[in-house]
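What follows is structure19.txt (compact mmCIF, C-alpha atoms and all ligand atoms).
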```
# COMPACT_ATOMS: atom_id res chain seq x y z
CA MET A 24 53.32 37.58 30.45
CA ALA A 25 52.17 40.44 28.29
CA ALA A 26 48.66 39.79 29.39
CA LYS A 27 49.11 41.01 32.91
CA PRO A 28 49.20 44.73 32.33
CA LYS A 29 46.20 44.32 30.05
CA ALA A 30 44.23 42.61 32.78
CA LYS A 31 45.02 45.50 35.01
CA ARG A 32 43.00 47.75 32.74
CA LYS A 33 39.76 46.00 33.53
CA PRO A 34 37.14 48.31 32.05
CA ALA A 35 34.44 45.86 32.82
CA PRO A 36 33.65 46.79 36.45
CA GLN A 37 33.15 50.36 35.32
CA GLY A 38 30.82 49.28 32.60
CA LYS A 39 29.05 47.02 34.98
CA ALA A 40 28.67 49.80 37.49
CA LYS A 41 27.25 51.97 34.76
CA SER A 42 24.70 49.41 33.68
CA LYS A 43 23.77 48.71 37.28
CA GLY A 44 21.38 51.61 36.88
CA LYS A 45 19.08 49.63 34.57
CA PRO A 46 19.13 45.94 35.55
CA PRO A 47 15.63 45.27 34.11
CA ALA A 48 16.98 45.68 30.55
CA THR A 49 19.61 42.98 31.11
CA ALA A 50 17.14 40.65 32.77
CA ALA A 51 14.68 41.24 29.94
CA ALA A 52 17.40 40.57 27.37
CA ARG A 53 18.26 37.37 29.19
CA ARG A 54 14.62 36.36 29.27
CA ILE A 55 14.24 37.05 25.57
CA ARG A 56 17.40 35.09 24.82
CA ARG A 57 16.14 32.19 26.95
CA PHE A 58 12.78 32.35 25.20
CA PHE A 59 14.37 32.16 21.74
CA THR A 60 16.69 29.33 22.82
CA THR A 61 13.69 27.36 24.10
CA VAL A 62 11.73 28.01 20.90
CA THR A 63 14.71 26.95 18.78
CA VAL A 64 15.27 23.75 20.75
CA PHE A 65 11.53 22.95 20.59
CA SER A 66 11.45 23.64 16.86
CA ILE A 67 14.39 21.33 16.29
CA ILE A 68 12.68 18.60 18.34
CA ILE A 69 9.40 19.08 16.45
CA VAL A 70 11.08 19.08 13.04
CA LEU A 71 13.08 15.98 13.98
CA PHE A 72 9.87 14.33 15.20
CA PHE A 73 7.86 15.04 12.05
CA TRP A 74 10.80 14.26 9.79
CA LEU A 75 12.21 11.23 11.58
CA VAL A 76 9.23 9.37 13.02
CA PRO A 77 7.38 8.65 9.74
CA THR A 78 10.67 7.80 8.02
CA MET A 79 11.75 5.48 10.81
CA ALA A 80 8.29 3.89 10.98
CA GLU A 81 8.43 3.02 7.29
CA ARG A 82 12.01 1.77 7.46
CA ALA A 83 11.09 -0.53 10.35
CA MET A 84 7.88 -1.84 8.78
CA ASN A 85 8.55 -2.26 5.05
CA ARG A 86 11.65 -4.38 4.82
CA ILE A 87 13.51 -6.52 2.32
CA GLU A 88 15.22 -9.73 3.25
CA GLY A 89 17.52 -11.72 0.99
CA SER A 90 17.47 -9.49 -2.10
CA GLY A 91 20.45 -10.31 -4.27
CA LEU A 92 19.96 -14.00 -3.55
CA TRP A 93 17.62 -14.58 -6.44
CA ARG A 94 19.35 -15.64 -9.60
CA VAL A 95 17.58 -14.70 -12.84
CA SER A 96 18.76 -16.53 -15.95
CA GLU A 97 19.16 -14.73 -19.27
CA GLU A 98 16.26 -16.76 -20.63
CA ALA A 99 13.98 -15.78 -17.73
CA GLN A 100 15.01 -12.11 -17.97
CA ALA A 101 14.34 -12.08 -21.72
CA LEU A 102 10.87 -13.51 -21.12
CA HIS A 103 10.24 -11.09 -18.24
CA ASN A 104 11.16 -8.13 -20.45
CA GLU A 105 8.33 -8.90 -22.84
CA VAL A 106 5.69 -9.96 -20.31
CA ILE A 107 2.96 -7.52 -19.17
CA VAL A 108 3.40 -7.49 -15.40
CA ALA A 109 0.53 -6.45 -13.12
CA ASP A 110 0.43 -6.49 -9.33
CA LEU A 111 -2.85 -6.39 -7.41
CA HIS A 112 -1.81 -4.70 -4.17
CA ALA A 113 0.69 -2.20 -2.75
CA ASP A 114 0.16 0.21 0.17
CA THR A 115 2.66 2.83 -1.02
CA LEU A 116 0.19 5.74 -0.67
CA LEU A 117 0.10 5.29 3.12
CA TRP A 118 3.66 6.55 3.54
CA ARG A 119 5.11 10.04 3.32
CA ARG A 120 6.96 9.96 0.03
CA ASN A 121 6.30 10.88 -3.56
CA PRO A 122 5.40 7.69 -5.47
CA SER A 123 7.09 9.13 -8.58
CA GLU A 124 10.47 9.59 -6.92
CA ARG A 125 12.97 6.82 -6.33
CA SER A 126 13.24 6.09 -2.62
CA ALA A 127 15.62 4.05 -0.49
CA ARG A 128 12.65 3.10 1.71
CA GLY A 129 9.86 0.60 1.18
CA HIS A 130 9.21 -1.45 -1.94
CA VAL A 131 7.46 0.58 -4.64
CA ASP A 132 7.93 3.81 -6.57
CA LEU A 133 7.68 4.69 -10.25
CA GLN A 134 11.38 4.16 -10.90
CA ARG A 135 11.51 0.75 -9.24
CA LEU A 136 8.33 -0.34 -11.03
CA ARG A 137 10.06 0.59 -14.29
CA ASP A 138 13.19 -1.33 -13.29
CA GLY A 139 11.00 -4.38 -12.61
CA ASN A 140 9.08 -3.96 -15.91
CA VAL A 141 5.78 -3.60 -14.04
CA ALA A 142 3.01 -2.34 -16.35
CA LEU A 143 0.18 -1.97 -13.84
CA GLN A 144 0.19 -1.48 -10.08
CA VAL A 145 -2.92 -1.43 -7.91
CA PHE A 146 -2.47 1.04 -5.04
CA GLY A 147 -4.48 0.30 -1.90
CA SER A 148 -5.82 2.92 0.49
CA VAL A 149 -5.37 1.91 4.14
CA THR A 150 -7.36 4.15 6.48
CA LYS A 151 -7.42 2.47 9.87
CA THR A 152 -5.37 -0.29 11.54
CA PRO A 153 -5.68 -1.49 15.15
CA ARG A 154 -2.88 -1.12 17.68
CA GLY A 155 -1.14 -4.46 18.27
CA GLN A 156 -2.43 -5.65 14.88
CA ASN A 157 -2.37 -9.44 14.53
CA TYR A 158 -3.94 -12.15 12.36
CA GLU A 159 -6.08 -13.69 15.11
CA SER A 160 -8.30 -11.09 16.79
CA ASN A 161 -8.49 -7.28 16.71
CA SER A 162 -11.17 -4.85 17.86
CA ALA A 163 -11.97 -1.56 16.11
CA ASP A 164 -11.28 0.50 19.24
CA THR A 165 -7.78 1.76 18.43
CA ASP A 166 -6.16 3.20 15.32
CA ASN A 167 -2.52 3.52 14.27
CA ILE A 168 -3.25 5.61 11.18
CA THR A 169 -4.44 8.65 13.17
CA PRO A 170 -1.04 9.31 14.82
CA LEU A 171 0.67 8.47 11.52
CA SER A 172 -1.51 11.01 9.67
CA VAL A 173 -0.57 13.68 12.22
CA ALA A 174 3.14 12.77 12.31
CA GLN A 175 3.24 12.87 8.50
CA LEU A 176 1.65 16.34 8.59
CA GLN A 177 -1.16 15.26 6.27
CA PRO A 178 -3.98 17.77 5.67
CA ILE A 179 -5.96 18.26 8.89
CA ARG A 180 -9.15 16.95 7.25
CA THR A 181 -7.47 13.49 7.17
CA TRP A 182 -6.73 13.43 10.90
CA ASP A 183 -10.22 12.39 11.94
CA SER A 184 -11.92 11.21 8.73
CA LEU A 185 -11.34 7.81 7.15
CA LEU A 186 -13.09 8.94 3.95
CA GLN A 187 -10.81 11.97 3.70
CA ARG A 188 -7.77 9.73 4.11
CA SER A 189 -8.79 7.79 0.99
CA LEU A 190 -9.61 10.96 -0.95
CA TYR A 191 -6.18 12.28 0.03
CA HIS A 192 -4.49 9.06 -1.17
CA ALA A 193 -6.24 9.49 -4.53
CA GLU A 194 -5.03 13.11 -4.74
CA LYS A 195 -1.49 12.03 -3.92
CA LEU A 196 -1.48 9.55 -6.79
CA ALA A 197 -3.09 12.05 -9.19
CA ASP A 198 -0.44 14.65 -8.25
CA ALA A 199 2.34 12.11 -8.84
CA ALA A 200 0.85 11.26 -12.26
CA GLN A 201 0.59 14.92 -13.22
CA GLU A 202 4.06 15.78 -11.98
CA GLU A 203 5.83 13.40 -14.30
CA PRO A 204 4.20 13.04 -17.73
CA GLY A 205 4.92 9.60 -19.17
CA GLY A 206 5.21 8.24 -15.61
CA PHE A 207 2.05 7.00 -13.92
CA LEU A 208 -1.12 6.72 -15.97
CA LEU A 209 -4.28 6.55 -13.85
CA ILE A 210 -6.51 3.66 -14.89
CA ARG A 211 -10.18 4.51 -14.37
CA THR A 212 -11.76 3.21 -17.57
CA ASN A 213 -11.27 0.68 -20.28
CA ALA A 214 -10.04 3.46 -22.56
CA ASP A 215 -7.25 4.24 -20.04
CA LEU A 216 -6.24 0.59 -20.04
CA ASP A 217 -6.16 0.51 -23.88
CA LEU A 218 -4.03 3.66 -23.87
CA LEU A 219 -1.61 2.12 -21.36
CA LEU A 220 -1.18 -1.03 -23.44
CA ALA A 221 -0.76 0.95 -26.66
CA GLN A 222 1.87 3.25 -25.12
CA ARG A 223 3.81 0.34 -23.65
CA ALA A 224 3.64 -1.51 -26.98
CA ARG A 225 5.41 1.53 -28.46
CA GLY A 226 8.15 1.11 -25.85
CA GLN A 227 7.10 3.96 -23.53
CA GLN A 228 7.89 3.36 -19.86
CA VAL A 229 4.49 4.43 -18.60
CA VAL A 230 3.08 2.55 -15.58
CA GLY A 231 -0.65 2.07 -15.05
CA ALA A 232 -1.92 2.91 -11.55
CA LEU A 233 -5.31 1.75 -10.31
CA LEU A 234 -6.83 2.67 -6.94
CA GLY A 235 -8.26 0.15 -4.49
CA VAL A 236 -9.68 0.51 -0.98
CA GLU A 237 -8.51 -1.66 1.91
CA GLY A 238 -11.63 -1.89 4.07
CA LEU A 239 -14.86 0.02 3.36
CA HIS A 240 -15.09 1.39 6.92
CA ASN A 241 -13.95 4.53 5.07
CA LEU A 242 -17.60 4.91 3.94
CA GLU A 243 -18.09 6.15 7.51
CA GLY A 244 -21.44 4.36 7.62
CA ARG A 245 -22.85 6.08 4.50
CA ILE A 246 -23.33 3.91 1.45
CA ASP A 247 -23.53 7.04 -0.77
CA ASN A 248 -19.86 7.65 -0.06
CA LEU A 249 -19.15 4.80 -2.50
CA ASP A 250 -19.93 7.34 -5.24
CA ARG A 251 -17.32 9.72 -3.85
CA LEU A 252 -14.72 6.94 -3.87
CA PHE A 253 -15.71 5.99 -7.42
CA ASP A 254 -15.47 9.63 -8.55
CA ALA A 255 -12.02 9.84 -6.95
CA GLY A 256 -10.94 6.92 -9.17
CA TYR A 257 -11.35 3.89 -6.90
CA ARG A 258 -12.10 0.79 -8.99
CA MET A 259 -11.64 -1.97 -6.43
CA ALA A 260 -12.42 -2.34 -2.72
CA SER A 261 -12.24 -4.92 0.02
CA LEU A 262 -15.08 -4.81 2.53
CA THR A 263 -12.90 -5.22 5.62
CA HIS A 264 -9.33 -4.89 6.83
CA PHE A 265 -8.07 -6.01 10.26
CA PHE A 266 -11.30 -5.62 12.27
CA ASP A 267 -15.03 -6.31 11.87
CA ASN A 268 -16.88 -3.28 10.50
CA ASP A 269 -20.46 -2.35 9.60
CA LEU A 270 -20.22 -4.23 6.27
CA ALA A 271 -18.75 -7.58 7.19
CA GLY A 272 -16.61 -9.64 9.54
CA SER A 273 -12.83 -9.63 9.12
CA MET A 274 -10.77 -12.81 9.31
CA HIS A 275 -8.75 -10.95 11.96
CA GLY A 276 -11.79 -9.49 13.74
CA VAL A 277 -13.37 -10.41 17.06
CA ASP A 278 -16.67 -11.94 15.85
CA LYS A 279 -15.59 -12.81 12.27
CA GLY A 280 -19.23 -12.72 11.15
CA GLY A 281 -20.89 -12.73 7.70
CA LEU A 282 -22.03 -9.92 5.40
CA THR A 283 -24.33 -7.32 6.94
CA PRO A 284 -27.25 -5.75 5.02
CA MET A 285 -25.00 -2.73 4.38
CA GLY A 286 -22.24 -5.04 3.15
CA ARG A 287 -24.64 -6.67 0.69
CA GLN A 288 -25.85 -3.28 -0.48
CA ALA A 289 -22.25 -2.15 -1.04
CA VAL A 290 -21.46 -5.27 -3.08
CA ARG A 291 -24.44 -4.67 -5.38
CA ARG A 292 -23.57 -1.00 -5.86
CA MET A 293 -19.96 -1.85 -6.65
CA GLU A 294 -20.99 -4.49 -9.17
CA GLN A 295 -23.29 -2.01 -10.89
CA SER A 296 -20.73 0.79 -11.09
CA GLY A 297 -17.76 -1.27 -12.29
CA MET A 298 -15.82 -1.56 -9.04
CA LEU A 299 -14.30 -4.97 -8.33
CA VAL A 300 -15.05 -6.57 -4.97
CA ASP A 301 -11.85 -7.65 -3.21
CA VAL A 302 -12.16 -10.51 -0.70
CA ALA A 303 -8.80 -9.87 1.01
CA HIS A 304 -9.06 -9.92 4.84
CA LEU A 305 -12.70 -11.05 4.75
CA SER A 306 -13.84 -13.56 7.40
CA HIS A 307 -14.49 -17.07 6.12
CA MET A 308 -18.20 -16.64 6.90
CA ALA A 309 -18.46 -13.35 5.00
CA LEU A 310 -16.50 -14.82 2.08
CA ALA A 311 -18.99 -17.70 1.86
CA ASP A 312 -21.86 -15.14 1.81
CA LEU A 313 -20.08 -13.12 -0.85
CA ILE A 314 -19.34 -16.08 -3.13
CA GLU A 315 -23.02 -16.97 -2.93
CA MET A 316 -24.30 -13.51 -3.87
CA ALA A 317 -21.60 -12.35 -6.34
CA GLU A 318 -22.75 -11.64 -9.88
CA ARG A 319 -19.40 -10.26 -11.04
CA PRO A 320 -15.86 -11.66 -10.69
CA LEU A 321 -14.29 -11.52 -7.22
CA ILE A 322 -10.64 -10.76 -6.56
CA SER A 323 -8.40 -11.81 -3.71
CA SER A 324 -5.91 -8.98 -4.11
CA HIS A 325 -3.24 -10.21 -1.68
CA GLY A 326 -2.94 -13.35 0.42
CA GLY A 327 -1.99 -16.98 0.32
CA VAL A 328 -3.49 -20.44 0.21
CA ARG A 329 -3.86 -22.88 3.10
CA ALA A 330 -2.44 -25.72 1.02
CA THR A 331 1.07 -24.23 1.00
CA CYS A 332 0.87 -22.03 4.14
CA ALA A 333 -1.63 -22.96 6.84
CA GLU A 334 -2.15 -19.42 8.20
CA ASN A 335 -5.56 -18.36 9.48
CA ARG A 336 -5.60 -15.58 6.87
CA ASN A 337 -5.17 -17.85 3.83
CA LEU A 338 -7.73 -19.33 1.45
CA SER A 339 -8.99 -22.90 1.67
CA ASP A 340 -9.44 -24.96 -1.49
CA PRO A 341 -13.27 -24.59 -1.48
CA GLU A 342 -12.81 -20.80 -1.17
CA ILE A 343 -10.39 -20.77 -4.12
CA ARG A 344 -12.93 -22.78 -6.16
CA GLY A 345 -15.68 -20.36 -5.12
CA ILE A 346 -13.72 -17.30 -6.25
CA ALA A 347 -12.69 -19.01 -9.49
CA ALA A 348 -16.34 -19.87 -10.18
CA THR A 349 -17.14 -16.13 -10.32
CA GLY A 350 -14.44 -15.75 -13.00
CA GLY A 351 -12.18 -14.10 -10.44
CA LEU A 352 -8.50 -13.97 -9.53
CA ILE A 353 -6.31 -15.09 -6.65
CA GLY A 354 -3.38 -12.68 -6.12
CA ILE A 355 -0.59 -14.35 -4.16
CA GLY A 356 1.47 -12.29 -1.72
CA PHE A 357 5.24 -12.00 -1.32
CA TRP A 358 5.51 -11.94 2.49
CA ASP A 359 5.78 -14.72 5.08
CA GLY A 360 2.22 -14.36 6.46
CA ALA A 361 0.88 -15.26 3.00
CA VAL A 362 3.36 -17.86 1.81
CA CYS A 363 5.27 -18.76 5.01
CA ALA A 364 8.65 -17.48 3.65
CA PRO A 365 9.43 -14.20 1.85
CA THR A 366 10.94 -15.92 -1.19
CA PRO A 367 9.97 -15.99 -4.89
CA ALA A 368 9.84 -19.81 -4.69
CA ALA A 369 7.27 -19.77 -1.85
CA THR A 370 5.04 -17.36 -3.79
CA ALA A 371 5.43 -19.44 -6.97
CA ARG A 372 4.47 -22.64 -5.10
CA ALA A 373 1.19 -21.05 -3.93
CA MET A 374 0.54 -19.83 -7.50
CA ARG A 375 1.13 -23.35 -8.79
CA HIS A 376 -1.40 -24.69 -6.29
CA VAL A 377 -4.05 -22.27 -7.61
CA ARG A 378 -3.20 -23.23 -11.20
CA ASP A 379 -3.45 -26.94 -10.44
CA LEU A 380 -6.70 -26.52 -8.49
CA VAL A 381 -8.75 -24.17 -10.69
CA GLY A 382 -6.68 -23.31 -13.78
CA ILE A 383 -4.02 -20.83 -14.86
CA GLU A 384 -6.59 -18.15 -15.75
CA HIS A 385 -7.21 -17.46 -12.04
CA VAL A 386 -3.58 -16.90 -10.98
CA ALA A 387 -2.17 -13.43 -10.24
CA LEU A 388 0.44 -11.46 -8.29
CA GLY A 389 -0.62 -9.69 -5.09
CA SER A 390 2.64 -8.56 -3.50
CA ASP A 391 1.37 -6.40 -0.58
CA PHE A 392 4.47 -4.28 -1.18
CA ASP A 393 4.71 -1.40 1.33
CA GLY A 394 2.00 -3.05 3.45
CA ALA A 395 4.10 -3.18 6.65
CA VAL A 396 5.60 -6.48 5.50
CA THR A 397 9.04 -7.99 4.84
CA THR A 398 9.45 -9.26 1.28
CA GLY A 399 12.33 -10.97 -0.52
CA PHE A 400 12.75 -8.18 -3.09
CA ASP A 401 11.16 -4.87 -4.08
CA ALA A 402 9.35 -3.90 -7.28
CA SER A 403 12.66 -3.60 -9.13
CA GLY A 404 13.33 -7.31 -8.55
CA MET A 405 10.10 -8.56 -10.11
CA ALA A 406 11.99 -10.68 -12.68
CA ALA A 407 12.69 -13.10 -9.80
CA MET A 408 9.00 -14.10 -10.00
CA THR A 409 9.25 -14.97 -13.70
CA GLN A 410 12.26 -17.14 -12.86
CA ALA A 411 10.46 -18.77 -9.91
CA LEU A 412 7.41 -19.61 -12.03
CA LEU A 413 9.61 -21.16 -14.73
CA ASP A 414 11.31 -23.14 -11.96
CA GLN A 415 7.88 -24.41 -10.86
CA GLY A 416 7.28 -25.75 -14.36
CA PHE A 417 5.07 -22.95 -15.72
CA SER A 418 5.13 -22.71 -19.53
CA GLU A 419 5.91 -19.32 -21.12
CA ASP A 420 2.21 -18.76 -21.80
CA GLU A 421 1.37 -19.63 -18.20
CA VAL A 422 4.01 -17.16 -16.98
CA ARG A 423 2.45 -14.45 -19.19
CA ALA A 424 -1.00 -15.17 -17.73
CA ALA A 425 0.12 -15.35 -14.08
CA MET A 426 2.48 -12.35 -14.16
CA GLY A 427 -0.22 -9.97 -15.39
CA GLY A 428 -2.13 -11.22 -18.44
CA ASN A 429 -5.02 -12.43 -16.27
CA VAL A 430 -5.26 -9.12 -14.42
CA ILE A 431 -5.32 -7.10 -17.64
CA ARG A 432 -8.00 -9.39 -19.10
CA LEU A 433 -10.20 -9.11 -16.00
CA PHE A 434 -9.90 -5.31 -15.74
CA SER A 435 -10.68 -4.95 -19.45
CA ARG A 436 -13.92 -6.88 -18.77
CA THR A 437 -14.94 -5.05 -15.60
CA LEU A 438 -13.77 -1.41 -15.87
CA PRO A 439 -16.32 1.16 -16.99
CA ARG A 440 -16.17 1.82 -20.76
CA ASP A 441 -15.29 5.50 -20.50
ZN ZN B 501 -3.85 -6.13 3.47
```
What's the structure tokens form of this structure?
Ligand SMILES: [Zn+2]
Amino acid sequence: MAAKPKAKRKPAPQGKAKSKGKPPATAAARRIRRFFTTVTVFSIIIVLFFWLVPTMAERAMNRIEGSGLWRVSEEAQALHNEVIVADLHADTLLWRRNPSERSARGHVDLQRLRDGNVALQVFGSVTKTPRGQNYESNSADTDNITPLSVAQLQPIRTWDSLLQRSLYHAEKLADAAQEEPGGFLLIRTNADLDLLLAQRARGQQVVGALLGVEGLHNLEGRIDNLDRLFDAGYRMASLTHFFDNDLAGSMHGVDKGGLTPMGRQAVRRMEQSGMLVDVAHLSHMALADLIEMAERPLISSHGGVRATCAENRNLSDPEIRGIAATGGLIGIGFWDGAVCAPTPAATARAMRHVRDLVGIEHVALGSDFDGAVTTGFDASGMAAMTQALLDQGFSEDEVRAAMGGNVIRLFSRTLPRD
């Protein structure tokens, strides 16, 4: 009721009449306000895009299924705690997060490696993957990593250069190592490896980190770029990833051919400089060529064996024998494409097959953590593998060899002295 007389006052029309003299100012103010509203809304959308899309992409691609199911006995845990654990492949550097900080996404970071008593992790550098990626046939025409590099706001030099992507991955790892002293220790030489083992023997929770390349298309056609990768710390490289490139055929490529002259040249240069040649993703024809020409040990950093999982991407018995004959290692993966089920038991069964076929000294872990795969556990759950190997009848010494002893021995033989 009291409002009525107030309403009668109505100063507004007067004011309005007054301002009627300069309508452009009001229109301009409105335009400015509209402009700032639009900019704000756009900014929010852009921030959400760059913040959400990479996060959601990783959450959707690197998953864990069944963790908490794996029972680890006191005996197995006690053994695991004193074993030197080494894993031959994780793609953590591809994703937008700091490898030193604990994350709720993916499979690997410094803290989870510590929880899982992992002493050495090989970090792969993925630089190009085809759209619609599959195990059967992929061309090199499309690339998922370009939009990912942009969405993750990586340095612009990485948007259109595969070499720069790998150099950036190396910088990311070096920054993480520098940021937390006593965290990651970069392994580039034999002396680094000795230091790692000495520090861990004293009870320090340092974790060795070694760089590997996933597909040497990042040479961008120039063999000399191998030196740049070596200088950046890369000590391992596979020739191909999901498509045929100018070095070799991929087992998921279109032609799946053998080694090219450039591929052979790269293998020789790697052998001379102390970089291990990784056969992961290589076509069966190129692998046969490689086994024939190799003068240094070959590594299969992540994959499975046909005997326990008949996937196109897995190694046949003659291929396992060929790799073993070079003094090399077969790293067995943790995801269903490698072992047909993301369980510790499935991985342990494939490891037992390698042991029975060529001997325990060729058996290793090659998780493919953070490689756009679903695994049964993350790095913190690594003790489940010690349990699974014991369950498969591995002796304690065999567990020590398979969980990391073989990897340490091979790197100490092949890494540059200093
Ligand atoms: Zn891979």
Restrict the calculation to all atoms listed in the file, then for each residue of chain A with any atom at most 12 Å from an atom of ligand ZN 501 (chain B) give the closest atom pair and their distance in Å to one decimal, rows by chain and rising residue number, as a Markdown table.
```
| residue | atom | partner | partner_atom | distance |
| --- | --- | --- | --- | --- |
| A:Leu111 | CA | B:ZN501 | ZN | 10.9 |
| A:His112 | CA | B:ZN501 | ZN | 8.0 |
| A:Ala113 | CA | B:ZN501 | ZN | 8.6 |
| A:Asp114 | CA | B:ZN501 | ZN | 8.2 |
| A:Thr115 | CA | B:ZN501 | ZN | 12.0 |
| A:Phe146 | CA | B:ZN501 | ZN | 11.2 |
| A:Gly147 | CA | B:ZN501 | ZN | 8.4 |
| A:Ser148 | CA | B:ZN501 | ZN | 9.7 |
| A:Val149 | CA | B:ZN501 | ZN | 8.2 |
| A:Thr150 | CA | B:ZN501 | ZN | 11.3 |
| A:Lys151 | CA | B:ZN501 | ZN | 11.3 |
| A:Thr152 | CA | B:ZN501 | ZN | 10.1 |
| A:Gln156 | CA | B:ZN501 | ZN | 11.5 |
| A:Asn157 | CA | B:ZN501 | ZN | 11.6 |
| A:Tyr158 | CA | B:ZN501 | ZN | 10.7 |
| A:Gly235 | CA | B:ZN501 | ZN | 11.1 |
| A:Val236 | CA | B:ZN501 | ZN | 9.9 |
| A:Glu237 | CA | B:ZN501 | ZN | 6.6 |
| A:Gly238 | CA | B:ZN501 | ZN | 8.9 |
| A:Ala260 | CA | B:ZN501 | ZN | 11.2 |
| A:Ser261 | CA | B:ZN501 | ZN | 9.2 |
| A:Leu262 | CA | B:ZN501 | ZN | 11.3 |
| A:Thr263 | CA | B:ZN501 | ZN | 9.3 |
| A:His264 | CA | B:ZN501 | ZN | 6.5 |
| A:Phe265 | CA | B:ZN501 | ZN | 8.0 |
| A:Phe266 | CA | B:ZN501 | ZN | 11.5 |
| A:Ser273 | CA | B:ZN501 | ZN | 11.2 |
| A:Met274 | CA | B:ZN501 | ZN | 11.3 |
| A:His275 | CA | B:ZN501 | ZN | 10.9 |
| A:Asp301 | CA | B:ZN501 | ZN | 10.5 |
| A:Val302 | CA | B:ZN501 | ZN | 10.3 |
| A:Ala303 | CA | B:ZN501 | ZN | 6.7 |
| A:His304 | CA | B:ZN501 | ZN | 6.6 |
| A:Leu305 | CA | B:ZN501 | ZN | 10.2 |
| A:Ser323 | CA | B:ZN501 | ZN | 10.2 |
| A:Ser324 | CA | B:ZN501 | ZN | 8.4 |
| A:His325 | CA | B:ZN501 | ZN | 6.6 |
| A:Gly326 | CA | B:ZN501 | ZN | 7.9 |
| A:Gly327 | CA | B:ZN501 | ZN | 11.5 |
| A:Arg336 | CA | B:ZN501 | ZN | 10.2 |
| A:Asn337 | CA | B:ZN501 | ZN | 11.8 |
| A:Gly354 | CA | B:ZN501 | ZN | 11.6 |
| A:Ile355 | CA | B:ZN501 | ZN | 11.7 |
| A:Gly356 | CA | B:ZN501 | ZN | 9.7 |
| A:Phe357 | CA | B:ZN501 | ZN | 11.8 |
| A:Trp358 | CA | B:ZN501 | ZN | 11.1 |
| A:Gly360 | CA | B:ZN501 | ZN | 10.7 |
| A:Ala361 | CA | B:ZN501 | ZN | 10.3 |
| A:Gly389 | CA | B:ZN501 | ZN | 9.8 |
| A:Ser390 | CA | B:ZN501 | ZN | 9.8 |
| A:Asp391 | CA | B:ZN501 | ZN | 6.6 |
| A:Phe392 | CA | B:ZN501 | ZN | 9.7 |
| A:Asp393 | CA | B:ZN501 | ZN | 10.0 |
| A:Gly394 | CA | B:ZN501 | ZN | 6.6 |
| A:Ala395 | CA | B:ZN501 | ZN | 9.1 |
| A:Val396 | CA | B:ZN501 | ZN | 9.7 |
```
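Nearest residue to Asp420 of chain A among A:Met408, A:Ala101, A:Ile383, A:Val230 is A:Ile383, counting only C-alpha atoms.
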Neighbours of Ala163 of chain A within 8 Å (all atoms listed in the file; same-chain residues fewer than 5 positions away dropped), as a PDB file with C-alpha atoms, in the frame of the given file?
```pdb
ATOM      1  CA  PRO A 153      -5.680  -1.490  15.150  1.00  0.00           C
ATOM      2  CA  PHE A 266     -11.300  -5.620  12.270  1.00  0.00           C
ATOM      3  CA  ASP A 267     -15.030  -6.310  11.870  1.00  0.00           C
ATOM      4  CA  ASN A 268     -16.880  -3.280  10.500  1.00  0.00           C
TER       5      ASN A 268
END
```
At a cut-off of 9 Å, using all atoms listed in the file, what residues contact segment 367-370 of chain A? Leave out same-chain residues fewer than 2 positions from it and give the result as a VMD selection string. chain A and resid 93 327 331 355 to 359 361 to 365 372 to 375 388 399 to 400 407 to 412 414 to 415
Quick one: residues within 12 Å of Met79 of chain A, all atoms listed in the file counted, chain neighbours fewer than 2 positions away excluded, as number ranges by chain? A: 71-77, 81-86, 118-119, 128-129, 171, 174-175
Based on the selection just made, write C-alpha atoms of those residues as a CSV table (one decimal), in the frame of the given file.
```
chain,number,residue,atom,x,y,z
A,71,LEU,CA,13.1,16.0,14.0
A,72,PHE,CA,9.9,14.3,15.2
A,73,PHE,CA,7.9,15.0,12.0
A,74,TRP,CA,10.8,14.3,9.8
A,75,LEU,CA,12.2,11.2,11.6
A,76,VAL,CA,9.2,9.4,13.0
A,77,PRO,CA,7.4,8.6,9.7
A,81,GLU,CA,8.4,3.0,7.3
A,82,ARG,CA,12.0,1.8,7.5
A,83,ALA,CA,11.1,-0.5,10.4
A,84,MET,CA,7.9,-1.8,8.8
A,85,ASN,CA,8.6,-2.3,5.0
A,86,ARG,CA,11.6,-4.4,4.8
A,118,TRP,CA,3.7,6.6,3.5
A,119,ARG,CA,5.1,10.0,3.3
A,128,ARG,CA,12.6,3.1,1.7
A,129,GLY,CA,9.9,0.6,1.2
A,171,LEU,CA,0.7,8.5,11.5
A,174,ALA,CA,3.1,12.8,12.3
A,175,GLN,CA,3.2,12.9,8.5
```
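Between atom CA of Glu98 of chain A and atom CA of Ala406 of chain A the separation is 10.9 Å.
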Shortest interatomic distance to Thr366 of chain A - which of A:Ile55, A:Ala221, A:Leu233, A:Leu92, counting all atoms listed in the file: A:Leu92
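Computed from the coordinates, the atom CA of Asn335 of chain A to atom CA of Asp166 of chain A distance equals 22.3 Å.
The smallest atom-to-atom distance between Gln187 of chain A and any of A:Ser172, A:Gly272, A:Thr398, A:Glu334, using all atoms listed in the file, is found for A:Ser172.
Among the candidates A:Arg225, A:Leu185, A:Lys195, A:Thr283, the residue lying nearest to Asn248 of chain A is A:Leu185 (atoms considered: only C-alpha atoms).
Candidate residues A:Asp401, A:Glu203, A:Asp441, A:Asp183 were compared for distance to Arg135 of chain A, and the nearest is A:Asp401, using all atoms listed in the file.
Atom CA of Glu105 of chain A lies 10.6 Å from atom CA of Val141 of chain A.
Each of A:Leu133, A:Asn161, A:Ala402, A:Asp379 was compared to Phe417 of chain A using only C-alpha atoms, and A:Asp379 turns out to be the nearest.
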